[in-house]
Amino acid sequence: MLEIKGLNVKLEEEDKQILKGVDLSVEAGTVHAIMGPNGSGKSTLSYVLSGRDGYVVTEGSATLEGHDLLDLEPEERAAIGLFLAFQYPVEIPGVGNMTFLRTAVNAQRKARGLEEMNATEFLKLIRQKAKELQIDADMLKRPVNVGFSGGEKKRNEILQMAMLEPKMCILDETDSGLDVDAMKLVADGVNALRGAGRGFLVITHYQRLLNHIQPDVVHIMSDGRIVKSGGPELALEVEENGYGDILSEVA
Ligand code: ADP
Ligand code: MG
Ligand code: MG
C-alpha cells in the first residue's frame with residue numbers, strides 16, 4: 001500500500017535535515033503505529049507524504065499503490081486515497097463544515113470516476129457518521145473547526161476520514177488533547193474503517209490509544225529515522241520505560 005524508501009528531507013528555508021533515511025512499508029489492511037520523542041520527525045513525515053510546502057526531498061521515494069506520491073499535487077494524493085488527520089487541525093472561517101465535506105467527497109468521487117453523491121444521500125450519510133462520533137448537527141453547520149474545542153476538532157478529522165473512505169489513513173497524534181471518552185470514540189471510528197484493504201499509520205506519543213486501536217506493527221522514530229520496529233509489545237515497553245532504553249540500545 002504505502003512504500004517509503006530511504007526518505008531524506010530537509011527544510012526549504014534553512015539547511016536543516018529533518019528526515020534521515022526513513023524506510024517504511026505499510027501493507028494493505030494493516031495498522032502501523034509510529035511512536036517517538038518530540039521533534040523526531042513524525043509530523044514532518046506525515047506532511048511530506050501529503051504534500052505540504054516547505055520541505056525538500058533530497059533522496060528516497062514514497063509510493064501509494066505504486067503511484068509516486070512525491071510527484072503529485074496534494075489534491076492528487078488525496079484523490080488516489082491518501083488522508084492525513086492533522087496534529088493541529090486548521091480552522092477555515094467562512095467555509096461551512098458540511099459544505100466543505102460535500103465538496104471534498106464529490107471531488108474525490110469525481111477523481112475516482114464515480115457519480116456525485118446527491119444532497120439527500122449525502123445528508124443521510126453525514127448524519128449517521130456524525131452521530132457515531134457524537135458530533136452534533138450544530139457543528140456540521142459551523143465553519144470548519146472554528147470555535148471547536150480541541151477534542152471536537154480531532155473528532156471532526158475522523159468524520160472527514162469516515163466520509164472520504166481513504167485507502168491510506170495517516171493520523172498524527174489524533175489522541176492528543178482528548179479525554180478518555182473522546183479517545184474511545186476516535187478509536188471506534190478508526191476501527192470501523194479497518195480492513196477493506198485499508199492501511200493506517202497512527203502517530204502517537206502514548207500507548208493508551210493503542211489499547212483501543214490494536215496495531216499490527218509498532219515503529220520507534222528518533223532523529224529522523226525509524227530505529228526500531230516490532231509488535232504491540234514495543235508500545236508497552238515505551239509506556240513502561242520511556243524511550244531511553246530503546247534509544248541507547250539502538251545507539
Ligand atoms: P515530531 O512530530 O516527531 O514531534 P516534527 O516533525 O514536528 O517532530 O519536527 C521534527 C524536527 O524538525 C524538529 O526539530 C522541528 O523543530 C523541526 N522542524 C520541522 N518543521 C520545521 C520548520 N518549518 N522550521 C523549523 N524547524 C522545523
Ligand atoms: Mg511533536
Ligand atoms: Mg508532531
# chains A, B, ... in the order shown; residues from 1 in each chain; ligands from 1

$ closest_atom_pairs --of "chain A" --to "ligand 3" --cutoff "10 Å" --atoms "only C-alpha atoms and all ligand atoms" --output "Markdown table"
| residue | atom | partner | partner_atom_place_in_ligand_line | distance |
| --- | --- | --- | --- | --- |
| A:Gly36 | CA | ligand 3 | 1 (Mg) | 9.4 |
| A:Pro37 | CA | ligand 3 | 1 (Mg) | 9.2 |
| A:Asn38 | CA | ligand 3 | 1 (Mg) | 6.8 |
| A:Gly39 | CA | ligand 3 | 1 (Mg) | 6.9 |
| A:Ser40 | CA | ligand 3 | 1 (Mg) | 8.1 |
| A:Gly41 | CA | ligand 3 | 1 (Mg) | 6.9 |
| A:Lys42 | CA | ligand 3 | 1 (Mg) | 5.3 |
| A:Ser43 | CA | ligand 3 | 1 (Mg) | 4.0 |
| A:Thr44 | CA | ligand 3 | 1 (Mg) | 7.2 |
| A:Leu45 | CA | ligand 3 | 1 (Mg) | 9.1 |
| A:Ser46 | CA | ligand 3 | 1 (Mg) | 8.7 |
| A:Tyr47 | CA | ligand 3 | 1 (Mg) | 9.7 |
| A:Phe86 | CA | ligand 3 | 1 (Mg) | 9.1 |
| A:Gln87 | CA | ligand 3 | 1 (Mg) | 6.4 |
| A:Tyr88 | CA | ligand 3 | 1 (Mg) | 8.9 |
| A:Asp172 | CA | ligand 3 | 1 (Mg) | 6.7 |
| A:Glu173 | CA | ligand 3 | 1 (Mg) | 6.9 |
| A:Ile203 | CA | ligand 3 | 1 (Mg) | 8.1 |
| A:Thr204 | CA | ligand 3 | 1 (Mg) | 8.6 |
| A:His205 | CA | ligand 3 | 1 (Mg) | 9.0 |

$ residues_around --residues "stretch 227-239 of chain A" --least-positions-apart "5" --cutoff "6 Å" --atoms "only C-alpha atoms" --output "ChimeraX atom specification"
/A:207,217-221

$ closest_residue --among "A:Ser149, A:Gly66, A:Pro89, A:Pro166" --to "A:Arg112" --atoms "only C-alpha atoms"
A:Pro166

$ residues_around --residues "A:Ser50" --least-positions-apart "3" --cutoff "10 Å" --atoms "only C-alpha atoms" --output "JSON list (two decimals) with C-alpha atoms, in the first residue's frame"
[["chain", "number", "residue", "atom", "x", "y", "z"],
["A", 44, "THR", "CA", 7.31, 16.04, 9.09],
["A", 45, "LEU", "CA", 6.91, 12.56, 7.64],
["A", 46, "SER", "CA", 3.13, 12.96, 7.51],
["A", 47, "TYR", "CA", 3.46, 16.43, 5.92],
["A", 53, "ASP", "CA", 5.10, 23.06, 1.08],
["A", 69, "LEU", "CA", 3.39, 10.34, -4.25],
["A", 70, "LEU", "CA", 6.21, 12.87, -4.38],
["A", 72, "LEU", "CA", 1.73, 14.55, -7.23],
["A", 73, "GLU", "CA", -0.05, 17.68, -6.00],
["A", 74, "PRO", "CA", -1.65, 17.37, -2.53],
["A", 75, "GLU", "CA", -5.15, 17.11, -4.01],
["A", 76, "GLU", "CA", -3.98, 14.40, -6.42],
["A", 77, "ARG", "CA", -2.55, 12.46, -3.49],
["A", 78, "ALA", "CA", -5.93, 12.76, -1.77],
["A", 82, "LEU", "CA", -4.26, 9.36, 0.91],
["A", 83, "PHE", "CA", -5.68, 11.06, 4.01],
["A", 84, "LEU", "CA", -3.99, 12.97, 6.81],
["A", 170, "ILE", "CA", -2.37, 8.86, 8.48]]

$ residues_around --residues "A:Ile92" --least-positions-apart "3" --cutoff "9 Å" --atoms "only C-alpha atoms" --output "VMD selection string"
chain A and resid 95 to 97 143 to 146

$ residues_around --residues "A:Asp175" --least-positions-apart "2" --cutoff "12 Å" --atoms "only C-alpha atoms" --output "PyMOL selection string"
chain A and resi 85-88+150-155+157-158+171-173+177-187+190+202-213

$ write_last_selection --atoms "C-alpha atoms" --output "PDB file, in the first residue's frame"
ATOM      1  CA  ALA A  85      -5.688  13.791  10.094  1.00  0.00           C
ATOM      2  CA  PHE A  86      -3.685  16.779  11.326  1.00  0.00           C
ATOM      3  CA  GLN A  87      -1.992  17.059  14.701  1.00  0.00           C
ATOM      4  CA  TYR A  88      -3.246  20.642  14.700  1.00  0.00           C
ATOM      5  CA  GLY A 150      -9.538  20.576  20.816  1.00  0.00           C
ATOM      6  CA  GLY A 151     -11.435  17.311  21.128  1.00  0.00           C
ATOM      7  CA  GLU A 152     -14.151  18.413  18.707  1.00  0.00           C
ATOM      8  CA  LYS A 153     -11.509  19.291  16.114  1.00  0.00           C
ATOM      9  CA  LYS A 154      -9.960  15.850  16.421  1.00  0.00           C
ATOM     10  CA  ARG A 155     -13.345  14.139  16.115  1.00  0.00           C
ATOM     11  CA  GLU A 157     -10.858  14.969  11.474  1.00  0.00           C
ATOM     12  CA  ILE A 158     -12.181  11.442  11.949  1.00  0.00           C
ATOM     13  CA  LEU A 171      -3.373  10.061  11.939  1.00  0.00           C
ATOM     14  CA  ASP A 172      -0.952  12.498  13.516  1.00  0.00           C
ATOM     15  CA  GLU A 173      -1.400  12.499  17.291  1.00  0.00           C
ATOM     16  CA  GLY A 177      -5.929  16.655  23.832  1.00  0.00           C
ATOM     17  CA  LEU A 178      -8.656  14.029  24.006  1.00  0.00           C
ATOM     18  CA  ASP A 179     -10.231  12.795  27.194  1.00  0.00           C
ATOM     19  CA  VAL A 180     -10.723   9.061  27.600  1.00  0.00           C
ATOM     20  CA  ASP A 181     -14.290   9.033  26.241  1.00  0.00           C
ATOM     21  CA  ALA A 182     -13.408  11.091  23.174  1.00  0.00           C
ATOM     22  CA  MET A 183     -10.394   8.879  22.557  1.00  0.00           C
ATOM     23  CA  LYS A 184     -12.654   5.841  22.624  1.00  0.00           C
ATOM     24  CA  LEU A 185     -14.927   7.491  20.020  1.00  0.00           C
ATOM     25  CA  VAL A 186     -11.954   8.241  17.800  1.00  0.00           C
ATOM     26  CA  ALA A 187     -10.663   4.696  18.171  1.00  0.00           C
ATOM     27  CA  VAL A 190     -10.783   4.142  13.157  1.00  0.00           C
ATOM     28  CA  VAL A 202      -1.104   6.013  13.558  1.00  0.00           C
ATOM     29  CA  ILE A 203       1.330   8.511  15.036  1.00  0.00           C
ATOM     30  CA  THR A 204       1.054   8.746  18.790  1.00  0.00           C
ATOM     31  CA  HIS A 205       3.028   9.662  21.868  1.00  0.00           C
ATOM     32  CA  TYR A 206       1.142   7.329  24.127  1.00  0.00           C
ATOM     33  CA  GLN A 207       0.390   3.665  24.368  1.00  0.00           C
ATOM     34  CA  ARG A 208      -3.151   4.376  25.611  1.00  0.00           C
ATOM     35  CA  LEU A 209      -4.547   4.965  22.097  1.00  0.00           C
ATOM     36  CA  LEU A 210      -3.051   1.647  21.052  1.00  0.00           C
ATOM     37  CA  ASN A 211      -5.099  -0.113  23.728  1.00  0.00           C
ATOM     38  CA  HIS A 212      -8.111   0.790  21.612  1.00  0.00           C
ATOM     39  CA  ILE A 213      -6.556   0.624  18.157  1.00  0.00           C
TER      40      ILE A 213
END

$ closest_residue --among "A:Glu91, A:Asp216, A:Glu3, A:Asp223" --to "ligand 1" --atoms "only C-alpha atoms and all ligand atoms"
A:Asp223

$ closest_residue --among "A:Glu132, A:Leu125, A:Asn191, A:Ser222" --to "ligand 2" --atoms "only C-alpha atoms and all ligand atoms"
A:Ser222

$ closest_residue --among "A:Thr174, A:Asn241, A:Ser61, A:Thr103" --to "ligand 1" --atoms "only C-alpha atoms and all ligand atoms"
A:Thr174

$ closest_residue --among "A:Gly224, A:Gly60, A:Pro215, A:Gly51" --to "ligand 1" --atoms "only C-alpha atoms and all ligand atoms"
A:Gly224

$ select_by_dssp --residues "stretch 137-243 of chain A" --states "strand (DSSP E or B)" --output "ChimeraX atom specification"
/A:143-144,168-172,199-203,217-222,225-230

$ residues_around --residues "stretch 12-18 of chain A" --least-positions-apart "5" --cutoff "6 Å" --atoms "only C-alpha atoms" --output "mmCIF file with N, CA and C atoms, in the first residue's frame"
data_model
loop_
_atom_site.group_PDB
_atom_site.id
_atom_site.type_symbol
_atom_site.label_atom_id
_atom_site.label_comp_id
_atom_site.auth_asym_id
_atom_site.auth_seq_id
_atom_site.Cartn_x
_atom_site.Cartn_y
_atom_site.Cartn_z
ATOM 1 N N GLY A 54 7.347 23.613 1.770
ATOM 2 C CA GLY A 54 8.372 23.982 2.738
ATOM 3 C C GLY A 54 9.411 22.904 2.992
ATOM 4 N N TYR A 55 9.228 21.739 2.369
ATOM 5 C CA TYR A 55 10.174 20.635 2.557
ATOM 6 C C TYR A 55 10.758 20.223 1.212
ATOM 7 N N VAL A 56 12.007 19.796 1.243
ATOM 8 C CA VAL A 56 12.652 19.316 0.021
ATOM 9 C C VAL A 56 13.094 17.870 0.239
ATOM 10 N N GLY A 224 14.850 11.524 12.992
ATOM 11 C CA GLY A 224 14.643 11.421 11.547
ATOM 12 C C GLY A 224 14.730 10.039 10.934
#
